[in-house]
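input-v2.txt (compact mmCIF, C-alpha atoms and all ligand atoms)
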```
# COMPACT_ATOMS: atom_id res chain seq x y z
CA MET I 6 17.04 21.74 -5.55
CA THR I 7 14.02 20.08 -7.22
CA ALA I 8 11.29 19.31 -4.68
CA LEU I 9 10.54 15.61 -4.99
CA THR I 10 8.30 13.05 -3.36
CA LEU I 11 10.54 10.05 -2.64
CA ASP I 12 8.76 6.82 -1.84
CA ILE I 13 9.52 3.14 -1.27
CA PRO I 14 6.28 1.46 -2.38
CA HIS I 15 5.13 -1.45 -0.27
CA SER I 16 5.86 -5.01 -1.27
CA PRO I 17 4.80 -6.70 -3.53
CA LEU I 18 5.23 -3.73 -5.85
CA PRO I 19 1.86 -2.37 -6.97
CA PRO I 20 1.51 -3.42 -10.65
CA GLY I 21 0.97 0.20 -11.75
CA VAL I 22 4.26 1.29 -10.16
CA ALA I 23 6.16 -1.65 -11.65
CA LEU I 24 4.77 -0.89 -15.13
CA GLU I 25 5.56 2.82 -14.84
CA ALA I 26 9.10 2.13 -13.63
CA ALA I 27 9.67 -0.42 -16.44
CA ALA I 28 8.53 2.14 -19.05
CA LEU I 29 10.82 4.77 -17.53
CA HIS I 30 13.72 2.28 -17.54
CA ALA I 31 13.14 1.52 -21.23
CA ALA I 32 13.14 5.25 -22.09
CA ALA I 33 16.23 6.07 -20.02
CA PHE I 34 18.30 3.13 -21.35
CA GLU I 35 17.07 3.20 -24.96
CA GLY I 36 19.76 1.67 -27.21
CA LEU I 37 21.95 0.83 -24.22
CA GLU I 38 20.41 -2.05 -22.33
CA ARG I 39 17.54 -4.46 -22.60
CA PRO I 40 14.79 -2.94 -20.47
CA TYR I 41 13.60 -4.66 -17.31
CA SER I 42 10.05 -5.90 -17.56
CA ALA I 43 7.60 -4.94 -14.82
CA ALA I 44 7.71 -8.57 -13.60
CA GLU I 45 11.52 -8.52 -13.38
CA LEU I 46 11.48 -5.27 -11.44
CA ALA I 47 8.87 -6.64 -9.05
CA ALA I 48 10.96 -9.80 -8.52
CA ILE I 49 14.16 -7.84 -7.87
CA CYS I 50 12.45 -5.31 -5.58
CA ASP I 51 10.85 -7.86 -3.29
CA GLY I 52 10.89 -5.58 -0.24
CA ARG I 53 13.08 -8.06 1.71
CA THR I 54 16.57 -7.44 0.29
CA GLY I 55 15.65 -5.52 -2.88
CA PHE I 56 13.96 -2.13 -2.86
CA LEU I 57 12.55 0.32 -5.38
CA LEU I 58 12.73 3.97 -4.41
CA THR I 59 10.69 6.21 -6.70
CA ALA I 60 10.74 9.96 -7.33
CA SER I 61 7.86 12.15 -8.49
CA ASP I 62 7.62 15.90 -8.56
CA ALA I 63 6.24 17.10 -5.24
CA ALA I 64 2.61 18.17 -5.69
CA PRO I 65 1.12 18.50 -2.20
CA ASP I 66 -2.15 19.97 -3.53
CA LEU I 67 -2.88 17.15 -5.97
CA PRO I 68 -5.05 14.22 -4.81
CA VAL I 69 -2.94 11.73 -6.83
CA GLN I 70 0.80 11.33 -7.15
CA PRO I 71 2.16 12.75 -10.43
CA PRO I 72 4.06 10.45 -12.84
CA LEU I 73 7.43 9.04 -11.87
CA VAL I 74 10.44 11.10 -12.93
CA GLY I 75 13.00 8.55 -11.77
CA PHE I 76 13.77 5.55 -9.62
CA VAL I 77 16.63 3.68 -8.02
CA ALA I 78 16.63 -0.05 -7.38
CA PHE I 79 19.00 -1.21 -4.66
CA ARG I 80 19.77 -4.26 -2.55
CA VAL I 81 20.84 -4.51 1.07
CA VAL I 82 22.35 -7.67 2.52
CA GLU I 83 23.63 -7.19 6.07
CA ASP I 84 26.37 -4.55 5.96
CA ASP I 85 26.71 -4.47 2.15
CA ALA I 86 24.41 -2.60 -0.20
CA GLU I 87 24.36 -2.32 -3.97
CA ILE I 88 22.76 0.12 -6.36
CA LEU I 89 21.34 -2.03 -9.15
CA VAL I 90 20.02 0.70 -11.41
CA VAL I 91 19.26 4.42 -11.36
CA ALA I 92 17.07 5.84 -14.10
CA VAL I 93 15.75 9.35 -14.66
CA ALA I 94 13.23 10.12 -17.39
CA PRO I 95 15.06 11.67 -20.37
CA THR I 96 13.03 14.90 -20.18
CA ASP I 97 13.82 15.27 -16.45
CA GLN I 98 17.57 14.72 -16.48
CA ARG I 99 20.01 17.35 -15.15
CA ARG I 100 17.54 18.50 -12.46
CA GLY I 101 19.41 16.84 -9.60
CA ILE I 102 16.97 13.91 -9.45
CA GLY I 103 19.62 11.19 -9.89
CA THR I 104 21.68 12.76 -7.11
CA GLN I 105 18.70 12.84 -4.75
CA LEU I 106 17.78 9.23 -5.58
CA VAL I 107 21.30 7.96 -4.86
CA ALA I 108 21.40 9.90 -1.56
CA ALA I 109 17.98 8.55 -0.54
CA ALA I 110 19.01 4.95 -1.34
CA GLU I 111 22.16 5.44 0.74
CA ASP I 112 20.11 6.80 3.66
CA ARG I 113 17.73 3.82 3.55
CA ALA I 114 20.59 1.32 3.21
CA ARG I 115 22.32 2.92 6.21
CA GLU I 116 19.09 2.65 8.23
CA LEU I 117 19.00 -1.06 7.37
CA GLY I 118 22.54 -1.52 8.68
CA ALA I 119 24.64 -1.24 5.53
CA GLU I 120 28.14 0.17 5.86
CA ARG I 121 29.20 0.16 2.20
CA MET I 122 27.47 0.81 -1.11
CA PHE I 123 28.69 -0.86 -4.31
CA LEU I 124 27.68 -0.42 -7.94
CA GLU I 125 28.78 -1.09 -11.51
CA VAL I 126 28.76 1.46 -14.30
CA ALA I 127 29.67 1.17 -17.96
CA GLU I 128 33.01 2.76 -18.72
CA THR I 129 31.51 5.00 -21.44
CA ASN I 130 28.50 6.10 -19.34
CA HIS I 131 29.95 9.51 -18.62
CA PRO I 132 26.76 11.09 -17.17
CA ALA I 133 26.42 8.29 -14.61
CA ARG I 134 30.14 8.28 -13.82
CA ALA I 135 30.00 12.03 -13.17
CA LEU I 136 26.96 11.58 -10.93
CA TYR I 137 28.68 8.86 -8.86
CA LEU I 138 31.97 10.75 -8.67
CA GLY I 139 30.09 13.78 -7.34
CA ALA I 140 28.37 11.53 -4.81
CA GLY I 141 31.70 10.35 -3.41
CA TYR I 142 32.17 6.97 -5.15
CA ALA I 143 35.66 5.64 -5.88
CA GLU I 144 36.77 3.04 -8.42
CA MET I 145 37.75 -0.34 -6.99
CA GLY I 146 37.96 -2.60 -10.05
CA ARG I 147 36.82 -3.49 -13.53
CA ARG I 148 34.75 -6.30 -15.01
CA LYS I 149 35.96 -6.95 -18.54
CA HIS I 150 33.28 -7.17 -21.26
CA TYR I 151 30.56 -7.12 -18.60
CA TYR I 152 27.89 -5.39 -20.68
CA ARG I 153 26.58 -6.69 -24.00
CA ARG I 154 25.04 -3.90 -26.06
CA PRO I 155 22.01 -4.44 -28.33
CA ASN I 156 24.40 -4.12 -31.31
CA GLY I 157 26.44 -7.04 -29.94
CA GLN I 158 29.41 -4.98 -28.72
CA ARG I 159 30.87 -5.72 -25.30
CA GLU I 160 31.88 -3.09 -22.77
CA ASP I 161 33.78 -3.09 -19.50
CA ALA I 162 32.06 -2.20 -16.23
CA LEU I 163 33.82 -0.15 -13.59
CA MET I 164 33.16 -1.26 -10.02
CA LEU I 165 32.65 1.65 -7.63
CA HIS I 166 32.07 1.89 -3.91
CA ARG I 167 31.75 4.29 -1.01
CA ARG I 168 31.46 3.97 2.73
CA LEU I 169 28.06 4.88 4.10
C1 LIG I 201 22.79 8.95 -15.09
C2 LIG I 201 21.44 9.58 -14.72
C3 LIG I 201 20.74 8.68 -13.71
C4 LIG I 201 21.73 10.96 -14.09
O1 LIG I 201 20.51 11.47 -13.58
P1 LIG I 201 20.24 13.04 -13.46
O2 LIG I 201 19.03 13.24 -12.66
O3 LIG I 201 20.30 13.66 -14.82
O4 LIG I 201 21.54 13.49 -12.64
P2 LIG I 201 21.74 14.84 -11.82
O5 LIG I 201 20.90 15.94 -12.42
O6 LIG I 201 21.59 14.55 -10.38
O7 LIG I 201 23.27 15.16 -12.17
C5 LIG I 201 24.31 15.06 -11.20
C6 LIG I 201 25.63 15.32 -11.88
O8 LIG I 201 25.95 14.22 -12.76
C7 LIG I 201 26.61 14.75 -13.92
N1 LIG I 201 25.78 14.53 -15.12
C8 LIG I 201 24.48 14.11 -15.14
N2 LIG I 201 24.08 14.03 -16.43
C9 LIG I 201 25.12 14.40 -17.19
C10 LIG I 201 25.31 14.51 -18.59
N3 LIG I 201 24.34 14.20 -19.48
N4 LIG I 201 26.52 14.91 -19.06
C11 LIG I 201 27.52 15.20 -18.20
N5 LIG I 201 27.39 15.12 -16.84
C12 LIG I 201 26.21 14.73 -16.36
C13 LIG I 201 26.84 16.22 -13.67
O9 LIG I 201 28.07 16.35 -12.99
C14 LIG I 201 25.67 16.54 -12.76
O10 LIG I 201 25.86 17.67 -11.95
P3 LIG I 201 25.51 19.14 -12.56
O11 LIG I 201 24.18 19.04 -13.23
O12 LIG I 201 25.50 20.01 -11.34
O13 LIG I 201 26.61 19.46 -13.53
C15 LIG I 201 20.56 9.81 -15.98
O14 LIG I 201 21.34 10.49 -16.96
C16 LIG I 201 20.00 8.54 -16.58
O15 LIG I 201 18.93 8.07 -16.20
N6 LIG I 201 20.73 7.97 -17.56
C17 LIG I 201 20.30 6.74 -18.24
C18 LIG I 201 20.35 5.55 -17.30
C19 LIG I 201 21.73 5.35 -16.68
O16 LIG I 201 22.76 5.46 -17.33
N7 LIG I 201 21.75 5.05 -15.35
C20 LIG I 201 22.97 4.91 -14.59
C21 LIG I 201 23.57 3.56 -14.71
S1 LIG I 201 22.76 2.39 -13.66
```
As structure tokens, how would this structure be written, given the file I've shared?
Amino acid sequence: MTALTLDIPHSPLPPGVALEAAALHAAAFEGLERPYSAAELAAICDGRTGFLLTASDAAPDLPVQPPLVGFVAFRVVEDDAEILVVAVAPTDQRRGIGTQLVAAAEDRARELGAERMFLEVAETNHPARALYLGAGYAEMGRRKHYYRRPNGQREDALMLHRRL
């Protein structure tokens, strides 16, 4: 398994982290979704109910943290939690980073008292669906025409959940 440094930066999000995560989001979702701006990410991940959990390659001998390779944004409200977005840098995909990020978000949500995790995923997003299936998520519904693609097309979202 890839050795990662997983971190929940303090709130408010340091501007450098928000900018780096926004750039990573734009690269991971290119052609699929409008990217979050750094300001939007900082507003969502306010450290009260919304959290950003970042992943970098572990580099214990370096004095600075290496660049982000992925992040997960998630929300916890009492016993319900929701994964808002998971993104792994295109050059770092298929290294198990997405799996580790989802597991780390679940651990943190559980610590905060959540009993269930929910998320939405586009029906045609087969990499993400495979990741969530492998992580134990089950389908519980569908939101018709939930996503609007940059080319104007609409796509259904599948609603998934698992007990924590
Ligand atoms: C979806 C995403 C987060 C997966 O991250 P990742 O770090 O590559 O995932 P992992 O390496 O942990 O893969 C876990 C499993 O998911 C499946 N999977 C991941 N990428 C896949 C791909 N491109 N094709 C088919 N299956 C894939 C595989 O079953 C994989 O296990 P395996 O490598 O042992 O076969 C990443 O592809 C991404 O950032 N995509 C763009 C953004 C996005 O769609 N986010 C999710 C919606 S919010």
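Between Pro155 (chain I) and the residues I:Ala8, I:Gly36, I:Ala78, I:Ala26, the shortest atom-to-atom distance, using only C-alpha atoms, involves I:Gly36.
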In terms of only C-alpha atoms and all ligand atoms, the residue from I:Ala32, I:Ala23, I:Ala143, I:Val69 at minimal distance from ligand LIG 201 (chain I) is I:Ala32
From the list I:Ala47, I:Glu38, I:Gly52, I:Pro65, which residue is nearest Gly157 (chain I) when using all atoms listed in the file?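 Once distances to Gly157 (chain I) are computed over all atoms listed in the file, the minimum belongs to I:Glu38.
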Selected residue of minimal separation from Leu124 (chain I) among I:His15, I:Arg148, I:Arg100, I:Arg53, counting all atoms listed in the file: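 Distance minimum relative to Leu124 (chain I) lands on I:Arg148.
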Name the residues, by chain letter and number, that sit within 8 Å of ligand LIG 201 (chain I) using all atoms listed in the file, and give them as a ChimeraX atom specification. /I:30,33-34,75,88-95,97-105,125-127,130-137,139
Box time for region 156-159 of chain I: axis-aligned, enclosing all its listed atoms, 4 Å extra on each side; report centre and edge lengths in Å to one decimal, as AutoDock Vina command-line options.
```
--center_x 27.6 --center_y -5.6 --center_z -28.3 --size_x 14.5 --size_y 10.9 --size_z 14.0
```
Of the candidates I:Pro20, I:Gly55, I:Pro14, I:Gly146, which shows the shortest atom-to-atom distance to Val82 (chain I), using only C-alpha atoms?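 When distances to Val82 (chain I) are compared using only C-alpha atoms, the smallest one comes from I:Gly55.
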Please identify all polymer residues within 12 Å of Pro19 (chain I), counting all atoms listed in the file, omitting same-chain residues fewer than 6 positions from it, and present them as a list in words.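 Once the adjacent positions are removed, what remains is Ile13, Glu25, Ala26, Ala43, Ala44, Leu46, Ala47, Ala48, Cys50, Asp51, Gly52 and Leu57 of chain I.
In this model, the gap between CA of Gln70 (chain I) and CA of Thr7 (chain I) comes to 15.9 Å.
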(18.2, 5.5, 2.0) in this file's frame - what residues fall within 12 Å of it? Use only C-alpha atoms and give the answer as a PyMOL selection string. chain I and resi 11-13+56-59+77-81+86-88+105-120+122+169
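For the point (30.2, 3.3, -7.0), the residues with an atom at a distance of at most 6 Å are I:Phe123, I:Leu124, I:Tyr142, I:Leu165, I:His166, counting all atoms listed in the file.
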Top pick for closest residue to Ala64 (chain I), considering I:Leu9, I:Met145, I:Leu18, I:Ala162 and counting all atoms listed in the file: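 Once distances to Ala64 (chain I) are computed over all atoms listed in the file, the minimum belongs to I:Leu9.
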Please indicate the distance in Å from CA of Gly21 (chain I) to CA of Asp66 (chain I), rounded to one decimal place. 21.6 Å
Provide the CA of Ile49 (chain I) to CA of Glu35 (chain I) distance in Å, to one decimal place. 20.6 Å
